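protein07.cif (mmCIF, C-alpha atoms) appears below.
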data_data
#
loop_
_atom_site.group_PDB
_atom_site.id
_atom_site.type_symbol
_atom_site.label_atom_id
_atom_site.label_comp_id
_atom_site.auth_asym_id
_atom_site.auth_seq_id
_atom_site.Cartn_x
_atom_site.Cartn_y
_atom_site.Cartn_z
ATOM 1 C CA GLN A 20 -20.020 -17.017 -29.297
ATOM 2 C CA GLY A 21 -19.621 -20.081 -27.112
ATOM 3 C CA SER A 22 -16.241 -20.766 -28.690
ATOM 4 C CA ALA A 23 -15.090 -17.200 -27.917
ATOM 5 C CA ALA A 24 -16.154 -17.547 -24.284
ATOM 6 C CA PHE A 25 -14.288 -20.852 -24.042
ATOM 7 C CA CYS A 26 -11.119 -19.255 -25.439
ATOM 8 C CA ARG A 27 -11.333 -16.362 -22.989
ATOM 9 C CA LYS A 28 -11.779 -18.781 -20.105
ATOM 10 C CA ARG A 29 -8.851 -20.877 -21.294
ATOM 11 C CA GLY A 30 -6.720 -17.726 -21.647
ATOM 12 C CA ARG A 31 -7.495 -16.626 -18.078
ATOM 13 C CA ARG A 32 -6.674 -20.089 -16.772
ATOM 14 C CA ARG A 33 -3.389 -20.111 -18.689
ATOM 15 C CA THR A 34 -2.444 -16.675 -17.276
ATOM 16 C CA PHE A 35 -3.226 -17.851 -13.761
ATOM 17 C CA LEU A 36 -1.237 -21.095 -14.129
ATOM 18 C CA LEU A 37 1.772 -19.284 -15.552
ATOM 19 C CA GLY A 38 1.727 -16.717 -12.727
ATOM 20 C CA MET A 39 1.426 -19.334 -10.011
ATOM 21 C CA ALA A 40 4.039 -21.585 -11.581
ATOM 22 C CA GLY A 41 6.519 -18.713 -11.685
ATOM 23 C CA PHE A 42 5.850 -17.867 -8.054
ATOM 24 C CA LEU A 43 6.284 -21.473 -6.883
ATOM 25 C CA VAL A 44 9.478 -21.889 -8.864
ATOM 26 C CA SER A 45 10.896 -18.692 -7.363
ATOM 27 C CA ILE A 46 10.257 -19.749 -3.755
ATOM 28 C CA ALA A 47 10.627 -23.497 -3.736
ATOM 29 C CA PRO A 48 12.247 -25.097 -6.763
ATOM 30 C CA GLY A 49 12.231 -28.846 -6.744
ATOM 31 C CA PHE A 50 9.525 -29.406 -4.132
ATOM 32 C CA ARG A 51 6.311 -31.278 -4.792
ATOM 33 C CA ARG A 52 2.948 -29.522 -4.610
ATOM 34 C CA ARG A 53 0.287 -29.900 -1.996
ATOM 35 C CA VAL A 54 -3.232 -28.485 -2.161
ATOM 36 C CA PRO A 55 -3.934 -26.032 0.711
ATOM 37 C CA VAL A 56 -7.192 -24.789 2.212
ATOM 38 C CA CYS A 57 -8.604 -21.483 1.007
ATOM 39 C CA ARG A 58 -9.963 -19.338 3.819
ATOM 40 C CA ASP A 59 -12.274 -16.334 3.690
ATOM 41 C CA ALA A 60 -10.902 -13.442 5.766
ATOM 42 C CA THR A 61 -14.371 -12.114 6.491
ATOM 43 C CA SER A 62 -16.235 -15.272 7.414
ATOM 44 C CA GLY A 63 -13.555 -17.865 8.090
ATOM 45 C CA SER A 64 -15.254 -20.275 5.681
ATOM 46 C CA SER A 65 -13.277 -22.792 3.638
ATOM 47 C CA GLU A 66 -13.679 -23.821 0.061
ATOM 48 C CA SER A 67 -11.895 -25.879 -2.549
ATOM 49 C CA PRO A 68 -8.737 -24.057 -3.651
ATOM 50 C CA SER A 69 -7.518 -23.555 -7.155
ATOM 51 C CA VAL A 70 -3.799 -23.179 -6.500
ATOM 52 C CA ALA A 71 -1.099 -25.084 -4.659
ATOM 53 C CA SER A 72 1.430 -24.603 -1.883
ATOM 54 C CA VAL A 73 4.629 -26.618 -1.395
ATOM 55 C CA GLU A 74 6.302 -28.887 1.104
ATOM 56 C CA ASP A 75 9.457 -30.967 1.163
ATOM 57 C CA SER A 76 9.734 -34.753 1.222
ATOM 58 C CA SER A 77 9.519 -34.853 5.020
ATOM 59 C CA GLY A 78 6.127 -33.134 4.967
ATOM 60 C CA GLN A 79 7.473 -29.887 6.476
ATOM 61 C CA SER A 80 7.324 -26.499 4.840
ATOM 62 C CA SER A 81 10.661 -25.584 3.258
ATOM 63 C CA VAL A 82 9.840 -22.180 1.863
ATOM 64 C CA LEU A 83 10.198 -20.089 5.012
ATOM 65 C CA GLY A 84 13.930 -19.555 4.809
ATOM 66 C CA GLY A 85 14.331 -19.402 8.599
ATOM 67 C CA VAL A 86 11.535 -16.896 9.238
ATOM 68 C CA ARG A 87 8.429 -17.730 11.288
ATOM 69 C CA ALA A 88 5.901 -16.645 8.646
ATOM 70 C CA LYS A 89 6.055 -16.034 4.918
ATOM 71 C CA PHE A 90 3.296 -14.599 2.742
ATOM 72 C CA GLY A 91 2.753 -14.101 -0.962
ATOM 73 C CA VAL A 92 0.478 -11.167 -1.842
ATOM 74 C CA CYS A 93 -1.418 -11.435 -5.118
ATOM 75 C CA THR A 94 -0.641 -8.537 -7.442
ATOM 76 C CA GLY A 95 -2.901 -9.586 -10.293
ATOM 77 C CA VAL A 96 -5.062 -6.956 -11.958
ATOM 78 C CA SER A 97 -8.180 -7.642 -9.884
ATOM 79 C CA CYS A 98 -6.383 -7.792 -6.532
ATOM 80 C CA THR A 99 -4.427 -4.645 -7.382
ATOM 81 C CA GLN A 100 -7.729 -2.853 -7.968
ATOM 82 C CA ASP A 101 -8.912 -4.171 -4.590
ATOM 83 C CA GLY A 102 -5.890 -2.679 -2.789
ATOM 84 C CA SER A 103 -3.210 -5.369 -2.785
ATOM 85 C CA LYS A 104 -0.413 -2.818 -3.259
ATOM 86 C CA ALA A 105 -1.307 -1.083 0.012
ATOM 87 C CA LEU A 106 -1.489 -4.497 1.686
ATOM 88 C CA LEU A 107 1.936 -5.473 0.351
ATOM 89 C CA ASP A 108 3.398 -2.134 1.476
ATOM 90 C CA MET A 109 1.952 -2.698 4.945
ATOM 91 C CA PHE A 110 3.445 -6.189 5.190
ATOM 92 C CA LYS A 111 6.822 -4.844 4.057
ATOM 93 C CA VAL A 112 6.786 -2.237 6.824
ATOM 94 C CA LEU A 113 5.830 -4.873 9.397
ATOM 95 C CA GLU A 114 8.606 -7.061 8.013
ATOM 96 C CA ALA A 115 11.075 -4.295 8.883
ATOM 97 C CA ASP A 116 9.589 -4.142 12.390
ATOM 98 C CA ALA A 117 10.030 -7.886 12.892
ATOM 99 C CA PRO A 118 13.308 -8.818 11.184
ATOM 100 C CA GLY A 119 13.877 -12.550 10.981
ATOM 101 C CA GLU A 120 10.249 -13.325 11.806
ATOM 102 C CA LEU A 121 8.244 -12.201 8.774
ATOM 103 C CA SER A 122 8.862 -12.277 5.027
ATOM 104 C CA THR A 123 6.527 -11.077 2.261
ATOM 105 C CA ASP A 124 6.741 -11.169 -1.523
ATOM 106 C CA ALA A 125 4.515 -10.166 -4.415
ATOM 107 C CA CYS A 126 3.173 -13.007 -6.530
ATOM 108 C CA GLY A 127 1.111 -13.438 -9.687
ATOM 109 C CA CYS A 128 -2.608 -14.057 -9.927
ATOM 110 C CA LEU A 129 -3.891 -16.563 -7.340
ATOM 111 C CA GLY A 130 -7.109 -17.184 -9.233
ATOM 112 C CA MET A 131 -9.590 -15.510 -6.863
ATOM 113 C CA CYS A 132 -10.413 -12.457 -8.934
ATOM 114 C CA GLY A 133 -13.072 -10.226 -7.412
ATOM 115 C CA GLU A 134 -12.375 -11.505 -3.902
ATOM 116 C CA GLY A 135 -9.101 -9.740 -3.202
ATOM 117 C CA PRO A 136 -6.787 -8.731 -1.911
ATOM 118 C CA THR A 137 -5.681 -12.363 -1.625
ATOM 119 C CA VAL A 138 -2.700 -13.718 0.289
ATOM 120 C CA ILE A 139 -1.111 -17.162 0.427
ATOM 121 C CA ASP A 140 0.348 -18.086 3.826
ATOM 122 C CA LEU A 141 3.261 -20.397 3.063
ATOM 123 C CA SER A 142 3.749 -21.392 6.693
ATOM 124 C CA SER A 143 0.253 -22.899 7.001
ATOM 125 C CA ARG A 144 -0.477 -23.491 3.287
ATOM 126 C CA ASN A 145 -3.691 -21.478 3.617
ATOM 127 C CA PHE A 146 -5.154 -18.814 1.378
ATOM 128 C CA HIS A 147 -6.825 -15.713 2.803
ATOM 129 C CA LYS A 148 -9.048 -13.463 0.729
ATOM 130 C CA ARG A 149 -10.852 -10.129 1.092
ATOM 131 C CA LEU A 150 -8.101 -8.678 3.297
ATOM 132 C CA ARG A 151 -9.431 -5.140 2.949
ATOM 133 C CA THR A 152 -8.660 -3.682 6.380
ATOM 134 C CA PRO A 153 -5.483 -3.564 8.485
ATOM 135 C CA GLU A 154 -7.308 -5.479 11.229
ATOM 136 C CA GLN A 155 -7.882 -8.428 8.892
ATOM 137 C CA ALA A 156 -4.250 -8.452 7.753
ATOM 138 C CA LEU A 157 -2.873 -8.093 11.284
ATOM 139 C CA ALA A 158 -4.994 -11.047 12.417
ATOM 140 C CA LEU A 159 -2.749 -13.272 10.266
ATOM 141 C CA LEU A 160 0.347 -12.301 12.244
ATOM 142 C CA GLY A 161 -0.348 -13.968 15.577
ATOM 143 C CA GLY A 162 2.906 -14.841 17.300
ATOM 144 C CA ILE A 163 4.930 -12.259 15.336
ATOM 145 C CA SER A 164 6.552 -9.539 17.435
ATOM 146 C CA ILE A 165 4.858 -6.507 15.897
ATOM 147 C CA SER A 166 4.805 -3.252 17.871
ATOM 148 C CA PRO A 167 1.226 -2.582 19.117
ATOM 149 C CA ASP A 168 1.676 1.146 18.475
ATOM 150 C CA LEU A 169 2.717 0.463 14.887
ATOM 151 C CA SER A 170 -0.282 -1.818 14.350
ATOM 152 C CA GLU A 171 -2.682 0.751 15.773
ATOM 153 C CA ALA A 172 -1.092 3.481 13.640
ATOM 154 C CA PHE A 173 -1.889 1.437 10.521
ATOM 155 C CA ILE A 174 -5.508 1.099 11.641
ATOM 156 C CA LEU A 175 -5.808 4.841 12.284
ATOM 157 C CA LYS A 176 -4.152 5.654 8.957
ATOM 158 C CA HIS A 177 -6.666 3.434 7.165
ATOM 159 C CA ARG A 178 -9.508 5.101 9.056
ATOM 160 C CA GLY A 179 -8.198 8.525 8.090
ATOM 161 C CA ASN A 180 -8.015 7.496 4.438
ATOM 162 C CA LEU A 181 -11.642 6.351 4.518
ATOM 163 C CA GLU A 182 -12.662 9.616 6.159
ATOM 164 C CA MET A 183 -10.830 11.562 3.459
ATOM 165 C CA SER A 184 -12.650 9.584 0.763
ATOM 166 C CA GLU A 185 -15.911 10.670 2.417
ATOM 167 C CA SER A 186 -14.770 14.335 2.569
ATOM 168 C CA ARG A 187 -14.661 14.201 6.394
ATOM 169 C CA THR A 188 -11.368 16.053 6.476
ATOM 170 C CA GLN A 189 -11.503 17.155 10.114
ATOM 171 C CA ASP A 190 -12.110 13.567 11.246
ATOM 172 C CA ALA A 191 -9.266 12.429 8.988
ATOM 173 C CA ILE A 192 -6.912 14.974 10.531
ATOM 174 C CA ARG A 193 -7.797 13.662 13.992
ATOM 175 C CA SER A 194 -7.134 10.069 12.935
ATOM 176 C CA TYR A 195 -3.811 10.945 11.316
ATOM 177 C CA SER A 196 -2.772 13.048 14.327
ATOM 178 C CA GLU A 197 -3.550 10.212 16.745
ATOM 179 C CA ALA A 198 -1.547 7.817 14.590
ATOM 180 C CA LEU A 199 1.434 10.196 14.637
ATOM 181 C CA ARG A 200 1.116 10.498 18.409
ATOM 182 C CA LEU A 201 1.359 6.717 18.740
ATOM 183 C CA LEU A 202 4.437 6.601 16.531
ATOM 184 C CA GLY A 203 6.085 9.198 18.748
ATOM 185 C CA ASN A 204 9.734 9.981 18.069
ATOM 186 C CA ARG A 205 10.961 6.429 17.524
ATOM 187 C CA GLN A 206 13.663 6.633 14.867
ATOM 188 C CA GLU A 207 13.222 3.185 13.330
ATOM 189 C CA GLU A 208 12.787 2.293 9.666
ATOM 190 C CA ALA A 209 9.299 0.803 10.050
ATOM 191 C CA PHE A 210 8.039 3.750 12.092
ATOM 192 C CA ASP A 211 9.546 6.285 9.679
ATOM 193 C CA GLN A 212 7.904 4.639 6.662
ATOM 194 C CA VAL A 213 4.453 4.886 8.245
ATOM 195 C CA ARG A 214 5.160 8.380 9.559
ATOM 196 C CA LEU A 215 6.037 9.594 6.047
ATOM 197 C CA ALA A 216 2.750 8.364 4.575
ATOM 198 C CA ILE A 217 0.663 9.804 7.407
ATOM 199 C CA LEU A 218 2.365 13.203 7.252
ATOM 200 C CA SER A 219 1.756 13.329 3.505
ATOM 201 C CA ASN A 220 -1.896 12.356 3.936
ATOM 202 C CA ARG A 221 -2.452 14.857 6.744
ATOM 203 C CA SER A 222 -0.883 17.541 4.575
ATOM 204 C CA ALA A 223 -3.536 16.833 1.934
ATOM 205 C CA ALA A 224 -6.307 16.917 4.544
ATOM 206 C CA ARG A 225 -5.109 20.231 5.945
ATOM 207 C CA LEU A 226 -4.832 21.736 2.494
ATOM 208 C CA ALA A 227 -8.424 20.663 1.808
ATOM 209 C CA GLN A 228 -9.368 22.815 4.806
ATOM 210 C CA GLU A 229 -7.423 25.789 3.427
ATOM 211 C CA ASP A 230 -4.746 25.374 6.129
ATOM 212 C CA THR A 231 -1.747 26.003 3.898
ATOM 213 C CA ASP A 232 0.622 26.580 6.827
ATOM 214 C CA GLY A 233 -0.259 23.248 8.417
ATOM 215 C CA ALA A 234 -0.091 21.452 5.056
ATOM 216 C CA GLU A 235 3.338 22.961 4.364
ATOM 217 C CA ALA A 236 4.578 21.976 7.824
ATOM 218 C CA ASP A 237 3.528 18.335 7.358
ATOM 219 C CA ALA A 238 5.053 18.096 3.876
ATOM 220 C CA GLY A 239 8.228 19.737 5.167
ATOM 221 C CA ASP A 240 8.468 17.329 8.107
ATOM 222 C CA ALA A 241 8.193 14.392 5.701
ATOM 223 C CA ILE A 242 10.921 15.843 3.487
ATOM 224 C CA ASP A 243 13.142 16.365 6.533
ATOM 225 C CA ILE A 244 12.756 12.683 7.428
ATOM 226 C CA PHE A 245 13.390 11.446 3.884
ATOM 227 C CA PRO A 246 14.270 14.059 1.238
ATOM 228 C CA ALA A 247 13.660 11.559 -1.593
ATOM 229 C CA TYR A 248 10.012 10.954 -0.631
ATOM 230 C CA ALA A 249 8.178 11.993 -3.807
ATOM 231 C CA PRO A 250 4.621 12.270 -2.343
ATOM 232 C CA ALA A 251 5.799 14.936 0.112
ATOM 233 C CA TRP A 252 7.193 17.034 -2.749
ATOM 234 C CA LYS A 253 3.875 16.661 -4.542
ATOM 235 C CA ARG A 254 2.070 17.938 -1.427
ATOM 236 C CA MET A 255 4.512 20.826 -1.237
ATOM 237 C CA GLY A 256 3.757 21.662 -4.854
ATOM 238 C CA ASP A 257 0.026 21.624 -4.060
ATOM 239 C CA VAL A 258 0.596 24.068 -1.201
ATOM 240 C CA HIS A 259 2.508 26.468 -3.445
ATOM 241 C CA THR A 260 -0.156 26.147 -6.142
ATOM 242 C CA LYS A 261 -2.830 27.017 -3.588
ATOM 243 C CA ARG A 262 -0.844 30.113 -2.652
ATOM 244 C CA LYS A 263 -0.286 30.925 -6.337
ATOM 245 C CA GLU A 264 3.472 30.602 -5.828
ATOM 246 C CA VAL A 265 3.927 29.266 -9.328
ATOM 247 C CA ASP A 266 7.719 28.948 -9.609
ATOM 248 C CA SER A 267 7.974 27.167 -6.250
ATOM 249 C CA ALA A 268 5.125 24.850 -7.228
ATOM 250 C CA ILE A 269 6.803 23.906 -10.504
ATOM 251 C CA ARG A 270 10.107 23.193 -8.751
ATOM 252 C CA ALA A 271 8.375 20.946 -6.213
ATOM 253 C CA TYR A 272 6.433 19.036 -8.879
ATOM 254 C CA ASP A 273 9.571 18.662 -10.980
ATOM 255 C CA THR A 274 11.399 17.209 -7.974
ATOM 256 C CA ALA A 275 8.545 14.756 -7.357
ATOM 257 C CA SER A 276 8.644 13.684 -11.004
ATOM 258 C CA LYS A 277 12.386 13.041 -10.914
ATOM 259 C CA LEU A 278 12.124 11.050 -7.688
ATOM 260 C CA ASP A 279 9.208 8.991 -8.980
ATOM 261 C CA PRO A 280 9.252 8.760 -12.793
ATOM 262 C CA LYS A 281 5.970 6.813 -12.733
ATOM 263 C CA SER A 282 4.243 9.987 -11.517
ATOM 264 C CA SER A 283 5.654 12.145 -14.332
ATOM 265 C CA LYS A 284 2.366 12.400 -16.265
ATOM 266 C CA GLU A 285 0.470 13.421 -13.133
ATOM 267 C CA MET A 286 3.156 15.997 -12.304
ATOM 268 C CA GLU A 287 3.022 17.377 -15.844
ATOM 269 C CA LYS A 288 -0.706 18.016 -15.387
ATOM 270 C CA ARG A 289 -0.074 19.805 -12.093
ATOM 271 C CA ILE A 290 2.691 21.884 -13.625
ATOM 272 C CA SER A 291 0.350 22.859 -16.471
ATOM 273 C CA LYS A 292 -2.252 23.904 -13.908
ATOM 274 C CA ALA A 293 0.308 26.048 -12.081
ATOM 275 C CA ARG A 294 1.384 27.691 -15.356
ATOM 276 C CA ARG A 295 -2.230 28.501 -16.201
ATOM 277 C CA LEU A 296 -2.417 30.319 -12.879
ATOM 278 C CA ASN A 297 0.651 32.271 -13.899
ATOM 279 C CA LYS A 298 -1.037 33.468 -17.092
ATOM 280 C CA ARG A 299 -4.402 34.094 -15.453
ATOM 281 C CA PHE A 300 -3.094 36.276 -12.645
ATOM 282 C CA GLY A 301 -0.085 37.789 -14.419
ATOM 283 C CA LEU A 302 2.292 36.371 -11.818
ATOM 284 C CA PHE A 303 6.078 36.451 -12.055
#

This structure in structure tokens:
Amino acid sequence: QGSAAFCRKRGRRRTFLLGMAGFLVSIAPGFRRRVPVCRDATSGSSESPSVASVEDSSGQSSVLGGVRAKFGVCTGVSCTQDGSKALLDMFKVLEADAPGELSTDACGCLGMCGEGPTVIDLSSRNFHKRLRTPEQALALLGGISISPDLSEAFILKHRGNLEMSESRTQDAIRSYSEALRLLGNRQEEAFDQVRLAILSNRSAARLAQEDTDGAEADAGDAIDIFPAYAPAWKRMGDVHTKRKEVDSAIRAYDTASKLDPKSSKEMEKRISKARRLNKRFGLF
């Protein structure tokens, strides 16, 4: 039993070392390692780290590639479960809002499982863990020219998502609507990316309140902005399913599946649900 536990521990360590080695090679081949400080995003405490950053022979960071800040976001299994994908998506949007100032990449396991999402800051050689709110992530970007309205929209979107998870749909609609108000009509890539997600989420919230017209309007607005946005087609399919418009629902789900093949199994389930409605109500 002890031998099995030792092997599992050694296997986890090997996976971590391979992931970190690949990340370091991809960003800074040929540079020597230096041990950074690991920082807790919630308390600011420091502890002994288990992974390394890099610097060149002059002692200066050489991984920034001309940008002011560069981050690696852990996409290991544990951090992914803790929300690292949403964090990476957020950083990518902010990167578009601050071209030449911010760069973000996904990386392998950083060895802090259970304390994610975890980020390595390659400009300061620090690690930051438990970055579970937009406020915590935005606090890392001091000195980067991020639009205040865009930052606040992320915070409101996160609040709306929490309210949806608690079935407080009316509160969620208010949060999403305020976020959209802040984004205004600015036709910029970063603003459009956030606007798409918020419109899709508000569509779901409105549908939960039986407001099919409002849900359809939000999904349609998202499709108008970016016709290849799969989540909006999924929302549109949900609206048609709610109205028992089976053929329209199937077409919308099929479009979502083609745009995002990873969602094909989920869309197949929704299509099956719509077809069951067809049989139940004798619809044509």

Using only C-alpha atoms, what does the table of range 145-181 of chain A residues within 9 Å of range 214-230 of chain A look like, with each row giving the shortest atom pair and its distance in Å to one decimal, sorted by chain and ascending number, as JSON lines?
{"residue": "A:Ala172", "atom": "CA", "partner": "A:Arg214", "partner_atom": "CA", "distance": 8.9}
{"residue": "A:Lys176", "atom": "CA", "partner": "A:Ile217", "partner_atom": "CA", "distance": 6.5}
{"residue": "A:Gly179", "atom": "CA", "partner": "A:Asn220", "partner_atom": "CA", "distance": 8.5}
{"residue": "A:Asn180", "atom": "CA", "partner": "A:Asn220", "partner_atom": "CA", "distance": 7.8}

Give the padded box for range 95-109 of chain A as lines of an AutoDock Vina configuration file: axis-aligned, covering all atoms listed in the file, 8 Å on each side, centre and edge lengths in Å to one decimal.
center_x = -2.8
center_y = -5.3
center_z = -3.5
size_x = 28.3
size_y = 24.5
size_z = 32.9

### Message
Give me, as a PyMOL selection string, all polymer residues having an atom no more than 7 Å from Asp124 in chain A, counting only C-alpha atoms and skipping those fewer than 2 positions away in the same chain.
### Response
chain A and resi 90-92+122+126

### Query
If you apply the PyMOL selection byres ((chain A and resi 239-246) around 8) to this file, what residues do you get, as an MDAnalysis selection string?
chainID A and resid 211 214:215 218:219 235:238 247:248 251:252 255

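Counting from CA of Ala271 in chain A, the distance to CA of Arg254 in chain A is 8.5 Å.
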
### Task
Measuring atom to atom with all atoms listed in the file, identify which of A:Leu296, A:Ser170, A:Gln212, A:Ala88 is nearest to Asn145 in chain A.
A:Ala88

### Message
Quick check, in Å to one decimal: how far apart do CA of Asp168 in chain A and CA of Lys89 in chain A lie?
### Response
22.3 Å

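For the residues A:Asp116, A:Asp108, A:Asp190, A:Glu207, ranking by smallest atom-to-atom distance to Ser164 in chain A using all atoms listed in the file places A:Asp116 first.
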
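Rounded to one decimal, CA of Ala198 in chain A and CA of Leu175 in chain A lie 5.7 Å from each other.
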
### Message
Please expand the PyMOL selection byres ((chain A and resi 260) around 12) into the concrete residues it hits in this file, giving the result as number ranges by chain.
### Response
A: 226, 231, 235, 253-259, 261-272, 289-297, 302

File dump, residues just selected, C-alpha atoms, as an mmCIF file, in the frame of the given file:
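Wrote it out as part.cif, contents follow:
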data_model
loop_
_atom_site.group_PDB
_atom_site.id
_atom_site.type_symbol
_atom_site.label_atom_id
_atom_site.label_comp_id
_atom_site.auth_asym_id
_atom_site.auth_seq_id
_atom_site.Cartn_x
_atom_site.Cartn_y
_atom_site.Cartn_z
ATOM 1 C CA LEU A 226 -4.832 21.736 2.494
ATOM 2 C CA THR A 231 -1.747 26.003 3.898
ATOM 3 C CA GLU A 235 3.338 22.961 4.364
ATOM 4 C CA LYS A 253 3.875 16.661 -4.542
ATOM 5 C CA ARG A 254 2.070 17.938 -1.427
ATOM 6 C CA MET A 255 4.512 20.826 -1.237
ATOM 7 C CA GLY A 256 3.757 21.662 -4.854
ATOM 8 C CA ASP A 257 0.026 21.624 -4.060
ATOM 9 C CA VAL A 258 0.596 24.068 -1.201
ATOM 10 C CA HIS A 259 2.508 26.468 -3.445
ATOM 11 C CA LYS A 261 -2.830 27.017 -3.588
ATOM 12 C CA ARG A 262 -0.844 30.113 -2.652
ATOM 13 C CA LYS A 263 -0.286 30.925 -6.337
ATOM 14 C CA GLU A 264 3.472 30.602 -5.828
ATOM 15 C CA VAL A 265 3.927 29.266 -9.328
ATOM 16 C CA ASP A 266 7.719 28.948 -9.609
ATOM 17 C CA SER A 267 7.974 27.167 -6.250
ATOM 18 C CA ALA A 268 5.125 24.850 -7.228
ATOM 19 C CA ILE A 269 6.803 23.906 -10.504
ATOM 20 C CA ARG A 270 10.107 23.193 -8.751
ATOM 21 C CA ALA A 271 8.375 20.946 -6.213
ATOM 22 C CA TYR A 272 6.433 19.036 -8.879
ATOM 23 C CA ARG A 289 -0.074 19.805 -12.093
ATOM 24 C CA ILE A 290 2.691 21.884 -13.625
ATOM 25 C CA SER A 291 0.350 22.859 -16.471
ATOM 26 C CA LYS A 292 -2.252 23.904 -13.908
ATOM 27 C CA ALA A 293 0.308 26.048 -12.081
ATOM 28 C CA ARG A 294 1.384 27.691 -15.356
ATOM 29 C CA ARG A 295 -2.230 28.501 -16.201
ATOM 30 C CA LEU A 296 -2.417 30.319 -12.879
ATOM 31 C CA ASN A 297 0.651 32.271 -13.899
ATOM 32 C CA LEU A 302 2.292 36.371 -11.818
#

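Compared by their closest atoms to Gly95 in chain A, and using all atoms listed in the file, the residues A:Leu129, A:Ala191, A:Val112, A:Leu121 rank with A:Leu129 nearest.
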
### Message
Measuring between all atoms listed in the file, which one of A:Leu199, A:Leu169, A:Leu278, A:Ile174 shows the shortest distance to Ala117 in chain A?
### Response
A:Leu169

Go through the shown structure with the PyMOL selection byres ((chain A and resi 138) around 7) and write out the matching residues as a PDB file with C-alpha atoms, keeping the file's coordinate frame.
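For reference, part_25.pdb as written:
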ATOM      1  CA  PHE A  90       3.296 -14.599   2.742  1.00  0.00           C
ATOM      2  CA  GLY A  91       2.753 -14.101  -0.962  1.00  0.00           C
ATOM      3  CA  VAL A  92       0.478 -11.167  -1.842  1.00  0.00           C
ATOM      4  CA  CYS A  93      -1.418 -11.435  -5.118  1.00  0.00           C
ATOM      5  CA  PRO A 136      -6.787  -8.731  -1.911  1.00  0.00           C
ATOM      6  CA  THR A 137      -5.681 -12.363  -1.625  1.00  0.00           C
ATOM      7  CA  ILE A 139      -1.111 -17.162   0.427  1.00  0.00           C
ATOM      8  CA  ASP A 140       0.348 -18.086   3.826  1.00  0.00           C
ATOM      9  CA  PHE A 146      -5.154 -18.814   1.378  1.00  0.00           C
ATOM     10  CA  HIS A 147      -6.825 -15.713   2.803  1.00  0.00           C
ATOM     11  CA  LYS A 148      -9.048 -13.463   0.729  1.00  0.00           C
TER      12      LYS A 148
END
